[in-house]
Each structure stands twice: as structure tokens, then as C-alpha cells.
$ cat input25.pdb   # PDB, C-alpha atoms
ATOM      1  CA  MET U 639      -8.210  -5.874  20.195
ATOM      2  CA  VAL U 640      -7.706  -8.429  17.415
ATOM      3  CA  ASN U 641     -10.950  -8.954  15.538
ATOM      4  CA  LYS U 642      -9.915 -11.514  12.908
ATOM      5  CA  TYR U 643      -7.032 -12.790  10.821
ATOM      6  CA  ILE U 644      -6.243 -12.632   7.130
ATOM      7  CA  ARG U 645      -3.417 -14.382   5.287
ATOM      8  CA  ILE U 646      -0.664 -13.319   2.928
ATOM      9  CA  VAL U 647      -1.666 -14.821  -0.430
ATOM     10  CA  GLY U 648       1.640 -15.155  -2.314
ATOM     11  CA  GLY U 649       5.409 -15.204  -2.204
ATOM     12  CA  LEU U 650       7.883 -16.092   0.527
ATOM     13  CA  TYR U 651       5.485 -15.449   3.432
ATOM     14  CA  ARG U 652       2.480 -17.094   1.759
ATOM     15  CA  ARG U 653      -0.208 -18.307   4.185
ATOM     16  CA  THR U 654       1.225 -16.309   7.103
ATOM     17  CA  PRO U 655      -1.658 -15.034   9.255
ATOM     18  CA  ILE U 656      -1.953 -11.301   9.870
ATOM     19  CA  ALA U 657      -3.957 -10.062  12.858
ATOM     20  CA  VAL U 658      -6.579  -7.445  12.030
ATOM     21  CA  VAL U 659      -7.272  -5.128  14.946
ATOM     22  CA  GLU U 660     -10.622  -3.501  15.514
ATOM     23  CA  ALA U 661     -10.259   0.166  14.533
ATOM     24  CA  ASP U 662     -12.402   2.816  12.854
ATOM     25  CA  GLY U 663     -11.952   2.808   9.099
ATOM     26  CA  LEU U 664      -9.695  -0.256   9.049
ATOM     27  CA  ARG U 665     -10.815  -2.711   6.384
ATOM     28  CA  PRO U 666      -8.127  -5.056   5.088
ATOM     29  CA  THR U 667      -7.861  -5.465   1.341
ATOM     30  CA  PRO U 668      -9.521  -8.818   0.507
ATOM     31  CA  ASP U 669      -7.458 -11.745  -0.811
ATOM     32  CA  ARG U 670      -9.033 -11.586  -4.263
ATOM     33  CA  VAL U 671      -8.233  -7.884  -4.646
ATOM     34  CA  ARG U 672      -4.629  -8.396  -3.484
ATOM     35  CA  GLU U 673      -4.216 -11.230  -5.976
ATOM     36  CA  THR U 674      -5.511  -8.988  -8.761
ATOM     37  CA  LEU U 675      -3.253  -6.097  -7.735
ATOM     38  CA  PHE U 676      -0.151  -8.277  -7.705
ATOM     39  CA  ASN U 677      -1.106  -9.835 -11.045
ATOM     40  CA  TRP U 678      -1.233  -6.289 -12.426
ATOM     41  CA  LEU U 679       2.155  -5.502 -10.872
ATOM     42  CA  ASN U 680       3.635  -8.738 -12.232
ATOM     43  CA  HIS U 681       2.576  -7.611 -15.694
ATOM     44  CA  PHE U 682       4.259  -4.203 -15.368
ATOM     45  CA  TRP U 683       7.335  -5.380 -13.475
ATOM     46  CA  ASP U 684       7.807  -8.785 -15.106
ATOM     47  CA  ASN U 685       7.614 -10.480 -11.659
ATOM     48  CA  ARG U 686      10.706  -8.564 -10.469
ATOM     49  CA  TYR U 687      10.317  -6.884  -7.104
ATOM     50  CA  ASP U 688      13.825  -7.140  -5.638
ATOM     51  CA  ASP U 689      14.899  -3.605  -6.502
ATOM     52  CA  LYS U 690      11.510  -2.017  -5.740
ATOM     53  CA  SER U 691      10.846   0.426  -2.930
ATOM     54  CA  VAL U 692       7.261   0.408  -1.626
ATOM     55  CA  LEU U 693       5.358   2.854   0.593
ATOM     56  CA  ASP U 694       2.208   1.549   2.325
ATOM     57  CA  LEU U 695       0.874   4.902   3.504
ATOM     58  CA  PHE U 696      -2.221   3.751   5.411
ATOM     59  CA  ALA U 697      -0.879   0.366   6.485
ATOM     60  CA  GLY U 698      -3.747  -0.696   8.763
ATOM     61  CA  SER U 699      -3.447  -4.492   8.895
ATOM     62  CA  GLY U 700      -0.362  -4.345   6.668
ATOM     63  CA  ALA U 701      -1.945  -6.723   4.148
ATOM     64  CA  LEU U 702      -0.666  -4.776   1.130
ATOM     65  CA  GLY U 703       2.800  -3.991   2.486
ATOM     66  CA  PHE U 704       3.413  -7.521   3.779
ATOM     67  CA  GLU U 705       2.241  -8.873   0.431
ATOM     68  CA  ALA U 706       4.796  -6.660  -1.377
ATOM     69  CA  ALA U 707       7.561  -7.802   0.982
ATOM     70  CA  SER U 708       6.513 -11.426   0.551
ATOM     71  CA  ARG U 709       6.905 -11.090  -3.200
ATOM     72  CA  GLY U 710      10.426  -9.733  -2.820
ATOM     73  CA  ALA U 711      10.237  -5.932  -2.579
ATOM     74  CA  GLY U 712      13.656  -4.671  -1.513
ATOM     75  CA  HIS U 713      12.284  -2.005   0.853
ATOM     76  CA  VAL U 714       8.793  -1.568   2.326
ATOM     77  CA  GLN U 715       7.902   1.469   4.451
ATOM     78  CA  MET U 716       4.607   1.159   6.360
ATOM     79  CA  VAL U 717       2.940   4.215   7.898
ATOM     80  CA  GLU U 718       0.159   3.868  10.466
ATOM     81  CA  SER U 719      -1.268   6.121  13.187
ATOM     82  CA  ASN U 720      -3.366   3.656  15.211
ATOM     83  CA  ARG U 721      -1.401   2.280  18.197
ATOM     84  CA  ALA U 722      -3.041  -1.143  18.253
ATOM     85  CA  ALA U 723      -2.504  -1.551  14.503
ATOM     86  CA  LEU U 724       1.147  -0.480  14.902
ATOM     87  CA  ALA U 725       1.707  -3.118  17.577
ATOM     88  CA  ALA U 726       0.145  -5.789  15.346
ATOM     89  CA  LEU U 727       2.296  -4.684  12.364
ATOM     90  CA  ARG U 728       5.474  -4.902  14.439
ATOM     91  CA  THR U 729       4.509  -8.340  15.750
ATOM     92  CA  VAL U 730       4.037  -9.731  12.236
ATOM     93  CA  ARG U 731       7.212  -8.077  10.910
ATOM     94  CA  ASP U 732       9.248  -9.512  13.785
ATOM     95  CA  LYS U 733       7.680 -12.968  13.372
ATOM     96  CA  LEU U 734       8.673 -12.909   9.690
ATOM     97  CA  ASP U 735      12.118 -11.476  10.502
ATOM     98  CA  ALA U 736      11.400  -9.127   7.582
ATOM     99  CA  LYS U 737      14.335  -6.724   7.772
ATOM    100  CA  GLN U 738      13.258  -4.986   4.563
ATOM    101  CA  ILE U 739      10.153  -3.631   6.336
ATOM    102  CA  ARG U 740      10.258  -0.358   8.271
ATOM    103  CA  ILE U 741       7.250   0.742  10.308
ATOM    104  CA  HIS U 742       6.627   4.417  11.019
ATOM    105  CA  ALA U 743       4.109   5.696  13.571
ATOM    106  CA  GLY U 744       2.454   8.850  12.314
ATOM    107  CA  ASP U 745      -0.136  10.716  10.328
ATOM    108  CA  ALA U 746      -0.042  10.033   6.574
ATOM    109  CA  LEU U 747      -0.069  13.696   5.495
ATOM    110  CA  GLU U 748       2.570  14.776   7.986
ATOM    111  CA  THR U 749       4.749  11.814   7.062
ATOM    112  CA  LEU U 750       4.523  12.689   3.363
ATOM    113  CA  ARG U 751       5.389  16.319   4.048
ATOM    114  CA  ARG U 752       8.494  15.294   6.005
ATOM    115  CA  MET U 753       9.791  12.549   3.710
ATOM    116  CA  ASP U 754      13.510  12.525   3.038
ATOM    117  CA  ALA U 755      15.133  11.817  -0.314
ATOM    118  CA  THR U 756      13.681   8.297  -0.536
ATOM    119  CA  ARG U 757      11.855   7.680  -3.804
ATOM    120  CA  TYR U 758       9.243   4.959  -4.161
ATOM    121  CA  ASP U 759       8.443   2.675  -7.093
ATOM    122  CA  LEU U 760       5.035   1.819  -5.647
ATOM    123  CA  VAL U 761       2.752   3.684  -3.253
ATOM    124  CA  LEU U 762      -0.173   1.802  -1.712
ATOM    125  CA  LEU U 763      -3.144   3.976  -0.702
ATOM    126  CA  ASP U 764      -5.967   2.298   1.198
ATOM    127  CA  PRO U 765      -7.163   5.138   3.447
ATOM    128  CA  PRO U 766     -10.262   5.225   5.652
ATOM    129  CA  PHE U 767     -12.996   6.327   3.256
ATOM    130  CA  ALA U 768     -14.874   8.677   5.583
ATOM    131  CA  LYS U 769     -12.038  11.201   5.855
ATOM    132  CA  ASP U 770     -11.586  12.025   2.145
ATOM    133  CA  TRP U 771      -7.801  11.504   2.250
ATOM    134  CA  LEU U 772      -6.991  10.979  -1.422
ATOM    135  CA  PRO U 773      -7.519  14.572  -2.670
ATOM    136  CA  ARG U 774      -5.062  15.739   0.006
ATOM    137  CA  ILE U 775      -2.520  13.004  -0.787
ATOM    138  CA  TRP U 776      -2.271  13.262  -4.603
ATOM    139  CA  PRO U 777      -0.506  16.669  -4.728
ATOM    140  CA  LEU U 778       2.197  15.433  -2.330
ATOM    141  CA  LEU U 779       3.060  12.231  -4.200
ATOM    142  CA  PRO U 780       5.168  13.517  -7.140
ATOM    143  CA  GLY U 781       7.957  14.548  -4.756
ATOM    144  CA  ILE U 782       8.459  10.983  -3.501
ATOM    145  CA  LEU U 783       7.978   8.944  -6.678
ATOM    146  CA  THR U 784      10.502   7.446  -9.065
ATOM    147  CA  ASP U 785      10.009   8.025 -12.785
ATOM    148  CA  ASP U 786       7.096   5.835 -13.932
ATOM    149  CA  ALA U 787       6.206   4.857 -10.340
ATOM    150  CA  LEU U 788       2.939   3.025  -9.782
ATOM    151  CA  VAL U 789       0.250   4.082  -7.308
ATOM    152  CA  TYR U 790      -2.484   1.749  -6.084
ATOM    153  CA  ALA U 791      -5.571   3.383  -4.554
ATOM    154  CA  GLU U 792      -8.806   2.099  -3.046
ATOM    155  CA  SER U 793     -11.917   4.273  -2.828
ATOM    156  CA  GLU U 794     -15.691   4.204  -2.445
ATOM    157  CA  THR U 795     -16.192   5.545  -5.975
ATOM    158  CA  PRO U 796     -14.292   5.260  -9.261
ATOM    159  CA  LEU U 797     -11.346   7.663  -9.431
ATOM    160  CA  GLU U 798     -10.188   9.753 -12.327
ATOM    161  CA  ALA U 799      -6.445  10.033 -12.702
ATOM    162  CA  PRO U 800      -5.186  13.213 -11.051
ATOM    163  CA  GLU U 801      -2.767  15.534 -12.825
ATOM    164  CA  ASN U 802       0.551  13.819 -13.675
ATOM    165  CA  PHE U 803      -0.957  10.336 -13.369
ATOM    166  CA  GLU U 804      -2.371   7.874 -15.876
ATOM    167  CA  LEU U 805      -5.043   5.335 -14.932
ATOM    168  CA  LEU U 806      -3.785   1.896 -15.989
ATOM    169  CA  ARG U 807      -6.323  -0.431 -14.395
ATOM    170  CA  HIS U 808      -9.572  -0.190 -12.448
ATOM    171  CA  ASP U 809     -11.846  -2.831 -10.965
ATOM    172  CA  LYS U 810     -14.470  -3.190  -8.271
ATOM    173  CA  ALA U 811     -14.987  -5.751  -5.508
ATOM    174  CA  GLY U 812     -18.108  -5.296  -3.419
ATOM    175  CA  ALA U 813     -18.319  -1.627  -2.465
ATOM    176  CA  VAL U 814     -14.610  -0.957  -3.071
ATOM    177  CA  HIS U 815     -13.160   0.457  -6.273
ATOM    178  CA  TYR U 816      -9.474  -0.210  -6.758
ATOM    179  CA  HIS U 817      -7.136   1.469  -9.201
ATOM    180  CA  LEU U 818      -3.584   1.232 -10.487
ATOM    181  CA  MET U 819      -2.098   4.468 -11.768
ATOM    182  CA  GLN U 820       1.280   5.427 -13.149
ATOM    183  CA  PHE U 821       3.172   8.621 -12.482
ATOM    184  CA  ALA U 822       3.252  10.214 -15.916
ATOM    185  CA  ALA U 823       4.794  13.663 -15.444
ATOM    186  CA  LEU U 824       7.838  12.941 -17.616
ATOM    187  CA  ARG U 825       5.803  11.684 -20.561
ATOM    188  CA  LYS U 826       3.793  14.875 -21.142
TER     189      LYS U 826
END
$ encode --input "input25.pdb" --output "C-alpha cells"
Amino acid sequence: MVNKYIRIVGGLYRRTPIAVVEADGLRPTPDRVRETLFNWLNHFWDNRYDDKSVLDLFAGSGALGFEAASRGAGHVQMVESNRAALAALRTVRDKLDAKQIRIHAGDALETLRRMDATRYDLVLLDPPFAKDWLPRIWPLLPGILTDDALVYAESETPLEAPENFELLRHDKAGAVHYHLMQFAALRK
């Protein structure tokens, strides 16, 4: 069931409404936080998204992945396990005719373990907080990241950068801490 709508805040699909389904743990990233994230990315990428490959691992409403596509990301892979959320994601993608977006139904951990040779420039992690996903995700990320890839993560508490990552930015909005990290294995 659709509970509310949010809007894409920038780029080609700006102002497009996105349905937010009612589901446990699903909390769309607020507009202000998305604006901050993409300001950070603009700084690191010099506003150039066209050659970037993005993985939205806990897509939920798709707010982060659709925002990346709207700003010109060349490839966006969304992963979601909730059926109602998947249907809503597909509806928005089809409405936008966003051919650069692929939607995968499945569990985040299993999907990561079975990833092919695709490498991502940006991974978006906004998991349900109650299930403590991030400690299980971090060790699997290096195998799918490009050199100097960026990882965005939301959490209930401030995060320290895990091994092979460098914390670039951190902020807080309400009860949510959000972080931008860079894959740093090659610089050690």
C-alpha cells in the first residue's frame, strides 16, 4: 500500500513523484539529505555522472537510485526484496522510461555474493536499521568496487570507516547519521 510520496530533487527527473510503500524498515532518505549527498558527489566528481555505475543495494523507495539516474548516472542497479516496493520501483522506472536503471528482486547479501564482473563507482547503503546489515555488507564491497569508488551509508549511529575505506564526510539529520566513504585499498 502506498503511504506517501516524495519527489526527486534534482536533474532530468526533478520534481517527479515517487510512491513510498508501507513496509517495515523503509524510510526514504529526506530531500535535504539527498541534496547534501549529491552536493558532496558533485564536489568529488565535478558534476559528471555520465560514466558512473551506481548500486542502490537497499533501494526501498528508490529515492537515492532515481536521484543518481536523474543526475545522469550511466547505469543504476537497484536491489530490493519487498514485493510492493519492487512494484513501485518498476512503475516509476517505466514512467520515466529510464533505460539506465535495472531493478533486481532479491536479498542484499545474496545479491552481493552472486555479483558478476560489474564494478560500481558508487554504492548506496540505506538498510533497515534494526537488522544490523552494514557489518555484514562491508567485507563484500571491495570485490564490486572500482578504484576510488564512493560508498554512501545511513545508520542510527556515527560510523567509523571499515578497513580499506576512508571517511570523507559525515552529517546528521534527525536520528539518521549519513556518511560518504571512499574505497582506499590501493592507497595504503
$ resolve_selection --input "input25.pdb" --expression "the PyMOL selection byres ((chain U and resi 716) around 9)" --output "ChimeraX atom specification"
/U:692-698,700,703,714-715,717-718,727,739-743
$ closest_atom_pairs --input "input25.pdb" --of "region 654-705 of chain U" --to "region 769-792 of chain U" --cutoff "12 Å" --atoms "all atoms listed in the file" --output "CSV"
residue,atom,partner,partner_atom,distance
U:Asp662,CA,U:Lys769,CA,10.9
U:Gly663,CA,U:Lys769,CA,9.0
U:Arg665,CA,U:Glu792,CA,10.8
U:Pro666,CA,U:Glu792,CA,10.9
U:Thr667,CA,U:Glu792,CA,8.8
U:Pro668,CA,U:Glu792,CA,11.5
U:Val671,CA,U:Glu792,CA,10.1
U:Arg672,CA,U:Tyr790,CA,10.7
U:Thr674,CA,U:Tyr790,CA,11.5
U:Leu675,CA,U:Tyr790,CA,8.1
U:Phe676,CA,U:Tyr790,CA,10.4
U:Trp678,CA,U:Tyr790,CA,10.3
U:Leu679,CA,U:Leu788,CA,8.6
U:Phe682,CA,U:Leu788,CA,9.2
U:Trp683,CA,U:Leu788,CA,10.2
U:Lys690,CA,U:Ala787,CA,9.8
U:Ser691,CA,U:Thr784,CA,9.3
U:Val692,CA,U:Leu788,CA,9.6
U:Leu693,CA,U:Val789,CA,9.5
U:Asp694,CA,U:Tyr790,CA,9.6
U:Leu695,CA,U:Ile775,CA,9.8
U:Phe696,CA,U:Trp771,CA,10.1
U:Leu702,CA,U:Tyr790,CA,9.9
U:Gly703,CA,U:Tyr790,CA,11.6
$ resolve_selection --input "input25.pdb" --expression "the PyMOL selection byres ((chain U and resi 819) around 10)" --output "NGL selection string"
:U and (760-761 or 786-791 or 798-800 or 802-808 or 817-818 or 820-822)
$ residues_around --input "input25.pdb" --residues "Arg645 (chain U)" --least-positions-apart "4" --cutoff "12 Å" --atoms "all atoms listed in the file" --output "list in words"
Gly649, Tyr651, Arg652, Arg653, Thr654, Pro655, Ile656, Ala657, Val658, Pro666, Thr667, Pro668, Asp669, Arg670, Arg672, Glu673, Ser699, Gly700, Ala701, Leu702, Phe704, Glu705, Ser708 and Val730 of chain U
$ closest_residue --input "input25.pdb" --among "U:Lys642, U:Arg721, U:Arg757, U:Arg728" --to "Asp689 (chain U)" --atoms "only C-alpha atoms"
U:Arg757
$ atom_distance --input "input25.pdb" --atom1 "CA of Glu660 (chain U)" --atom2 "CA of Lys737 (chain U)"
26.3 Å
$ closest_residue --input "input25.pdb" --among "U:Phe767, U:Tyr687, U:Tyr758, U:Tyr643" --to "Val814 (chain U)" --atoms "only C-alpha atoms"
U:Phe767
$ closest_residue --input "input25.pdb" --among "U:Thr729, U:Ser719, U:Arg709, U:Leu734" --to "Leu747 (chain U)" --atoms "only C-alpha atoms"
U:Ser719
$ atom_distance --input "input25.pdb" --atom1 "CA of Ala723 (chain U)" --atom2 "CA of Pro796 (chain U)"
27.4 Å
$ atom_distance --input "input25.pdb" --atom1 "CA of Asp688 (chain U)" --atom2 "CA of Gly744 (chain U)"
26.6 Å
$ closest_residue --input "input25.pdb" --among "U:Leu797, U:Ile646, U:Ala661, U:Ala726" --to "Tyr816 (chain U)" --atoms "only C-alpha atoms"
U:Leu797
$ resolve_selection --input "input25.pdb" --expression "the PyMOL selection byres ((chain U and resi 813) around 9)" --output "CSV table (one decimal) with C-alpha atoms, in the frame of the given file"
chain,number,residue,atom,x,y,z
U,793,SER,CA,-11.9,4.3,-2.8
U,794,GLU,CA,-15.7,4.2,-2.4
U,795,THR,CA,-16.2,5.5,-6.0
U,810,LYS,CA,-14.5,-3.2,-8.3
U,811,ALA,CA,-15.0,-5.8,-5.5
U,812,GLY,CA,-18.1,-5.3,-3.4
U,814,VAL,CA,-14.6,-1.0,-3.1
U,815,HIS,CA,-13.2,0.5,-6.3
$ closest_residue --input "input25.pdb" --among "U:Leu664, U:Met753, U:Ala746, U:Leu650" --to "Gly710 (chain U)" --atoms "all atoms listed in the file"
U:Leu650
